[in-house]
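Everything below concerns the one structure shown next.
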Amino acid sequence: MPPAREPVFNAPIAAILLALSIPGLYALQMQLPDAGLRWAFRPVSLFEGGWWPGVLTSMILHGGWTHALINAGFAFAFGPAVARLFPGLKGGVIFLGYYIVCGLAGTLGYGLVHPASTATLVGASGAVMGLLGGAIRLLGTEGRPRPLTDRRVIGMSVAVLALNVVTGLIGLAPGVEDAQIAWEAHAFGFLAGILLIGPAARLFGTRTAPAFASDGRMGDPQR
């Protein structure tokens with residue numbers, strides 16, 4: 001019999017749906033009278049009142065098609081590594097919760113750094129960066145996150161954060177005229193993702209046995 005073909009896309013359905021939801025929600029956002037900006041996050045609202053639920057609702061908003069599609073692409077690239085750790089319907093809920101918590105950490109972190117700012121913050125970038133943080137610790141590990149002290153984790157994290165700061169200081173967000181990149185939100189979301197994937201894996205994750213695992217007895221591994 002001919003060997004079975006690998007599917008072109010083998011990403012978990014939860015990761016695919018999440019990536020597709022980003023441009024889908026942006027299309028709906030464009031139908032709103034104010035383009036949804038009433039649901040955006042403004043840091044000053046945390047301390048002086050206003051639309052404080054924007055810490056959550058701002059994640060479903062974007063500043064343009066380019067902004068939305070870039071986040072969708074990154075969600076599709078990094079989401080599967082995290083989603084595979086949480087299979088099934090329950091796992092999909094856990095995956096979405098992890099994504100939302102990372103996004104909240106990014107938005108709140110930005111708000112705490114700029115408490116008096118009235119600038120409008122929109123986008124799922126903090127949540128997507130959380131997926132990147134989780135993926136860095138999971139790639140090639142068969143469901144066992146690498147330790148935070150692993151030199152590969154440290155090296156990639158330093159590179160990601162340095163690139164994020166440099167990009168933020170340049171001050172241009174692709175596809176959004178006269179807007180700046182909220183690099184602080186990206187950084188807080190990334191740190192949340194890289195820290196939370198360990199506890200999430202221990203509590204809810206599914207691990208696969210490594211190849212040629214031994215049962216502890218003498219003899220060759222059984223196939």
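Labels used: A, B, ... for chains in the order of the structure tokens, numbers from 1 for residues in each chain, and numbers from 1 for ligands as shown.
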Counting only C-alpha atoms, what is within 12 Å of segment 112-122 of chain A, bar same-chain residues fewer than 2 positions away, as a PyMOL selection string?
-> chain A and resi 26+29+35-51+54-64+67-68+71+103-110+124-127+173+176+179-188
With distances taken over only C-alpha atoms, which of A:Val158, A:Met30, A:Ala72, A:Ala83 is nearest to Ala14 of chain A?
->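 Comparing A:Val158, A:Met30, A:Ala72, A:Ala83 against Ala14 of chain A, the winner is A:Ala83.
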Would you list the contacts of Val153 of chain A as a ChimeraX atom specification, taking every protein, DNA or RNA residue within 7 Å and counting only C-alpha atoms, but skipping same-chain residues closer than 4 positions in sequence?
-> /A:136-137,148,157
Next, the residues of the selection above should be written as an mmCIF file, in the first residue's frame with N, CA, C and O atoms.
```
data_model
loop_
_atom_site.group_PDB
_atom_site.id
_atom_site.type_symbol
_atom_site.label_atom_id
_atom_site.label_comp_id
_atom_site.auth_asym_id
_atom_site.auth_seq_id
_atom_site.Cartn_x
_atom_site.Cartn_y
_atom_site.Cartn_z
ATOM 1 N N ILE A 136 7.577 28.939 22.145
ATOM 2 C CA ILE A 136 9.030 28.864 22.328
ATOM 3 C C ILE A 136 9.396 27.767 23.326
ATOM 4 O O ILE A 136 10.379 27.040 23.140
ATOM 5 N N ARG A 137 8.594 27.623 24.372
ATOM 6 C CA ARG A 137 8.898 26.598 25.372
ATOM 7 C C ARG A 137 8.408 25.207 24.977
ATOM 8 O O ARG A 137 8.817 24.208 25.589
ATOM 9 N N LEU A 148 12.495 27.430 32.068
ATOM 10 C CA LEU A 148 12.753 28.839 31.788
ATOM 11 C C LEU A 148 14.245 29.135 31.700
ATOM 12 O O LEU A 148 14.656 30.104 31.067
ATOM 13 N N SER A 157 13.947 34.331 23.736
ATOM 14 C CA SER A 157 13.177 35.357 24.431
ATOM 15 C C SER A 157 13.874 36.710 24.351
ATOM 16 O O SER A 157 13.230 37.743 24.105
#
```
Length of the atom CA of Gly73 of chain A to atom CA of Tyr98 of chain A vector [Å] |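 Those two atoms sit 18.2 Å apart.
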Close residues, Arg84 of chain A itself excluded, 10 Å, only C-alpha atoms, min 5 positions apart in chain, as an MDAnalysis selection string = chainID A and resid 11:15 79 91:92 95 138 142:143 205:207
Two-atom distance - atom CA of Val166 of chain A, atom CA of Leu20 of chain A (Å) |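 The value is 28.7 Å.
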Å distance separating atom CA of Ile100 of chain A from atom CA of Trp65 of chain A, one decimal place |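 Atom-to-atom, atom CA of Ile100 of chain A to atom CA of Trp65 of chain A, that is 21.2 Å.
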Pick from A:Val82, A:Val165, A:Ala201, A:Leu25: nearest to Ala135 of chain A, with only C-alpha atoms counted?
-> A:Val82
Counting only C-alpha atoms, the option among A:Leu89, A:Ala27, A:Leu132, A:Leu163 closest to Ala192 of chain A =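 Smallest distance to Ala192 of chain A is found for A:Leu132.
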